[in-house]
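Colleague: Have a look at this one before I ask anything.
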Amino acid sequence: MRILSLLFCLSIVSQSFYSQGIDFNRISAGINLNYLISEGDMGQYWKKPLTVGLKAGYLLRNSFSLEGELSYAKFKPENEATNYPLINLILMSGGLKYNLNLSRHFQLTLKPGIENTMFIFSGPSADLIYEQNKNESEFGFFLSSGIQIVIWKDIKLELNLKVLNILSSPESIIFYAPGLTLFIL
Amino acid sequence: MILRILILSFAIFSSLLQAQRLTTGTYKRTSDLLRNYGVSYPFGLSKFIQNLNLNSYDDWRSASSVISLNGIQFNTIPLNYTSPDFVPIDLLQVDSIHFYSEPDIRGNNIYPSGGIEIFSKEIRDTFQIQFRSFTGSETGDPLIYRFTRQNISIVNKNKIVPSAVISVEGKSLVNYRFTAGYFGYFAFNSSENSEILSSLAHHLTKKQNRQILGSAELTYKLAGQKEISLYSSLIHFFGWELPPFITSFVHLRSYNFANRLQFSNLFKGFLAGVKYDGNISSLEPMELTPAGKFLLNDVSLFTSYTYSAENGILLEIHSEAGNYSGINSDPDTEFKQNIFDRQRSYLYYHIAPRLNIPLLEGFRFIPSVRLEKNILPVHVLSASLKLWFDLFQKHHLALTASSTASFPGIHEKFGRFSTFRKKHENSVLDTFTIAGNENLLHERVNNLSAYYKYANPVFQVSFNPFLRNVNNNIKMYDLNVISSYYPGDVIRNSEFRNEGDKSSWGINSSISYAFPFFTLSSAYAGIFTKHINPKNVLIIASKVSGNIWGSFLIEYLYSSARTYKEFDFEDNPGIFSSGIPEINLFSITYSNTLPRLYSLNTILLGIKVDNVFNRKVKFHPMGNNADRAIEFYLSFQI
């Protein structure tokens, strides 16, 4: 599933390459940091972590681009005594980004998309419950918006807020993720 | 699976199913199905409904729908389970699929209550590899709630594991095509059903359903359009199911095979062939259900002859003669049951002439007759009269009157299934049996219908009012139904009977409009008879296509509430509602085609979200809820 979802995003980018010819000037890439805030059980029983990741995009036409992201976060239990597991979270997302030019140096961004989140549980409680397979993946949708500032040539800084809804049960897990991305391409 | 699979998306399935029901003689190219629906394909419905019934007549009977493969009926369906899942062919092999919602006599087939015709495509002369794959997940894994909440279990409801099919075709001495596929999905392994499955067979509770397909097709072309072709295919099915004849959960292991050797144009317009189809099915031993194993065999000779006269009259004569048998094969256990008390076999044959007579320009008269002997020791006549008008090339009108016979299936006549249950924790085990009835008569479906269609390149509209009556309706008659001690379990003593007449009238309609980058289509089916439901089904679909952007398909399905009388029993503790509320479902599909990438051609990628708003709906009282699901699919050629 994860491989296919990644393949899917790549294929759309490939489609762009094929249709328009590969234009490396349209590629953007950078590193990003986000702070994951959650309500509900996730926010109550686990500490809020930072995520670190990579982001890459391809400008399709005008102000639209496809953008994918791969990032990682580690959730430690809020209270060691609860015996909740340690969670390694791997987030993979793909979305369609729209940039609105405010001025020569400022742009507003809006990006909806789909996200696959992989929860890797570790610790004694994970051993007890998930036995052999301690990975669980789930899809979700996100919407992010921000301001992009051109620092110098292709180097841009984006401040954004992302709202991610993971379609778990019996309740969705919702993350609010303020963060920044430094584009170096 | 192979035509099945899947699908977890039963929402779309159902919408597809209903859509087919809405239109008479709908014809869809496989490529359209793939492009529009990907894995959401009408196969795999069985997780949510019983038989693939195109007419809402009776979900529990085998003869309610008929499936044919390359023009010849595929009849070795186990346990009344008329599902394309058991037909050994995959989409990669398929050229076209025809759906009929009206009684009809077509070629060597008769469709008393509608049917599905599947045709495999011609094998190419050039070497080609085709591949398709799909995977999908239910959404709603418990994730962290498994730790923070009480009594939340891990589920894999409706999940499709990575599945793939590959076919290789080309020409050496003969044209050849070899196909192999694997399909995996979780059927009833859900929180709703996990308790009863665990009670019945704990060691099988977490097992995923799987299907494995292997197929070989060979064609040898001779001079003058003569051709010899062999179709040989096997599909293995393994998993939890709710076969209509059993009406409770069983773990089924089934092998279905189809072998067809066919000689075309031996002389002009004459085709002859041999069919050898079969099924070997095993019911896994469970705590309260004895193991069972049985074989079905169907061997026949068939012919078709077509003659075109100079005055435009077309004559077709179709015939088939064969032997059908069902027999027990003892399972490797002492705790066993006999699906058949002894070998049951019968000869069957038919002859079916059909004329197509042009009376005036654009006006044809099409009479069809079929005289046959089947499982009963009587000869029965079916007939269809059709008037077809083509007016100004855009208006089409058909008036049909037909009377078609439908015979009991071998299980309905000779089958038997027993299981044990207790009503309370401390009560003794009782035996519950579903029994065939050797005294069953054939039922007859009388039909009057009209079909009008207006079509121009961008706009199309059709109406199909019908009036239908079923005499000697064959039905599973419940003698006693209880909710057993095991939560979520309904079990019954039943036998098959002829139960009087049943009438219905209603209308099917459809409308579509094609804008340059946008199509909008809608279909509606209304049945205005008290005892048949759902009464109203509406589908609205819209597709937006662009070049680089790919295409979006948005679908909406509405189905009015329906009642399953089989679950309306005194002892029902309310676990299963006999009534299913109305259904409102939305789904979105995005797909994109890449014409060529290195050596790969026609790369199709898609993602689909079924049941976007995650509404809790069921299509069958004991089925899974159709939760939101996300699916991916990929196909290409080399």
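Residues in the structure tokens are numbered from 1 in each chain, the chains being A, B, ... in the order shown, and ligands are numbered from 1 in the order shown.
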Quick one: residues within 10 Å of Ser542 in chain B, only C-alpha atoms, excluding same-chain residues fewer than 6 positions away - as an MDAnalysis selection string?
Modeller: chainID B and resid 512:514 518:522 552:556 588
Colleague: Let me see the file: selected residues, C-alpha atoms, as a PDB file, in the first residue's frame.
Modeller:
```pdb
ATOM      1  CA  SER B 512     -26.488  11.371 -20.015  1.00  0.00           C
ATOM      2  CA  TYR B 513     -24.943  14.469 -21.523  1.00  0.00           C
ATOM      3  CA  ALA B 514     -21.388  14.839 -22.760  1.00  0.00           C
ATOM      4  CA  PHE B 518     -17.252  16.838 -18.725  1.00  0.00           C
ATOM      5  CA  THR B 519     -19.902  14.150 -18.770  1.00  0.00           C
ATOM      6  CA  LEU B 520     -22.933  13.940 -16.567  1.00  0.00           C
ATOM      7  CA  SER B 521     -25.047  10.830 -16.390  1.00  0.00           C
ATOM      8  CA  SER B 522     -27.832   9.605 -14.228  1.00  0.00           C
ATOM      9  CA  PHE B 552     -12.034  12.703 -11.827  1.00  0.00           C
ATOM     10  CA  LEU B 553     -15.124  10.597 -11.452  1.00  0.00           C
ATOM     11  CA  ILE B 554     -17.641  11.538  -8.794  1.00  0.00           C
ATOM     12  CA  GLU B 555     -20.492   9.136  -8.093  1.00  0.00           C
ATOM     13  CA  TYR B 556     -23.527   9.275  -5.900  1.00  0.00           C
ATOM     14  CA  ILE B 588     -14.457   9.828  -5.888  1.00  0.00           C
TER      15      ILE B 588
END
```
Colleague: Would you return as a ChimeraX atom specification the members of range 64-138 of chain A that DSSP assigns to strand (DSSP E) on this structure's backbone?
Modeller: /A:64-75,86-101,106-122,135-138
Colleague: Which residues are near Ser144 in chain A? Cut-off 6 Å, only C-alpha atoms, ignore same chain within fewer than 5 positions. Put them as an NGL selection string.
Modeller: :A and (110-111 or 161-162)
Colleague: Give as JSON, numbers by chain every residue of chain B that touches chain A within 6 Å, counting only C-alpha atoms.
Modeller: {"B": [139, 140, 141, 142, 594]}
Colleague: What lies within 8 Å of range 90-99 of chain A using only C-alpha atoms, ignoring chain neighbours under 6 positions off, as a list in words?
Modeller: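 Contacts, with the query itself left out: Leu6, Cys9, Ser63, Phe64, Ser65, Leu66, Glu67, Gly68, Glu69, Leu70, Ser71, Tyr72, Ala73, Gln107, Leu108, Thr109, Leu110, Lys111, Pro112, Gly113, Ile114, Glu115, Asn116, Thr117, Met118 and Phe119 of chain A.
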Colleague: Next, dump the selected residues to file, keeping only C-alpha atoms, as a short mmCIF file (atom, residue, chain, number, x, y, z; two decimals), in the first residue's frame.
Modeller:
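Printed below is out_27.cif as written:
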```cif
data_model
loop_
_atom_site.label_atom_id
_atom_site.label_comp_id
_atom_site.auth_asym_id
_atom_site.auth_seq_id
_atom_site.Cartn_x
_atom_site.Cartn_y
_atom_site.Cartn_z
CA LEU A 6 4.36 6.50 -3.33
CA CYS A 9 2.62 10.26 -6.53
CA SER A 63 0.88 28.54 -9.94
CA PHE A 64 0.12 24.87 -9.48
CA SER A 65 2.67 22.33 -8.38
CA LEU A 66 2.70 18.80 -7.06
CA GLU A 67 4.46 18.42 -3.76
CA GLY A 68 5.43 15.37 -1.76
CA GLU A 69 6.82 15.09 1.72
CA LEU A 70 8.49 12.42 3.81
CA SER A 71 9.00 13.09 7.49
CA TYR A 72 9.60 11.39 10.79
CA ALA A 73 8.63 11.97 14.41
CA GLN A 107 3.45 34.24 -1.81
CA LEU A 108 0.46 32.70 -0.11
CA THR A 109 0.28 28.91 -0.39
CA LEU A 110 -2.58 26.47 -0.12
CA LYS A 111 -2.14 22.71 -0.40
CA PRO A 112 -4.72 19.93 0.05
CA GLY A 113 -3.61 16.32 -0.21
CA ILE A 114 -3.57 12.78 1.02
CA GLU A 115 -1.25 11.41 3.67
CA ASN A 116 -0.22 7.96 4.73
CA THR A 117 0.91 7.69 8.31
CA MET A 118 2.75 4.65 9.62
CA PHE A 119 2.72 4.04 13.34
#
```
Colleague: Find the residues near Gly550 in chain B: any atom within 8 Å, counting only C-alpha atoms, skip ones fewer than 4 places away on the same chain, and give them as a list in words.
Modeller: Ser545, Gly546, Tyr590, Ser591, Asn592 and Thr593 of chain B
Colleague: Would you save the residues of that selection, restricted to N, CA and C atoms, as a JSON list (two decimals), in the first residue's frame?
Modeller:
```json
[["chain", "number", "residue", "atom", "x", "y", "z"],
["B", 545, "SER", "N", -12.58, 15.31, -17.34],
["B", 545, "SER", "CA", -11.34, 14.81, -17.93],
["B", 545, "SER", "C", -10.49, 15.96, -18.42],
["B", 546, "GLY", "N", -9.22, 15.85, -18.22],
["B", 546, "GLY", "CA", -8.28, 16.81, -18.76],
["B", 546, "GLY", "C", -7.05, 16.08, -19.24],
["B", 590, "TYR", "N", -9.88, 9.16, -8.95],
["B", 590, "TYR", "CA", -8.98, 9.94, -9.79],
["B", 590, "TYR", "C", -8.09, 8.96, -10.55],
["B", 591, "SER", "N", -7.96, 9.16, -11.85],
["B", 591, "SER", "CA", -7.07, 8.29, -12.62],
["B", 591, "SER", "C", -6.31, 9.11, -13.65],
["B", 592, "ASN", "N", -5.17, 8.60, -14.00],
["B", 592, "ASN", "CA", -4.31, 9.29, -14.95],
["B", 592, "ASN", "C", -3.64, 8.25, -15.83],
["B", 593, "THR", "N", -3.53, 8.55, -17.09],
["B", 593, "THR", "CA", -2.91, 7.62, -18.02],
["B", 593, "THR", "C", -1.63, 8.21, -18.59]]
```
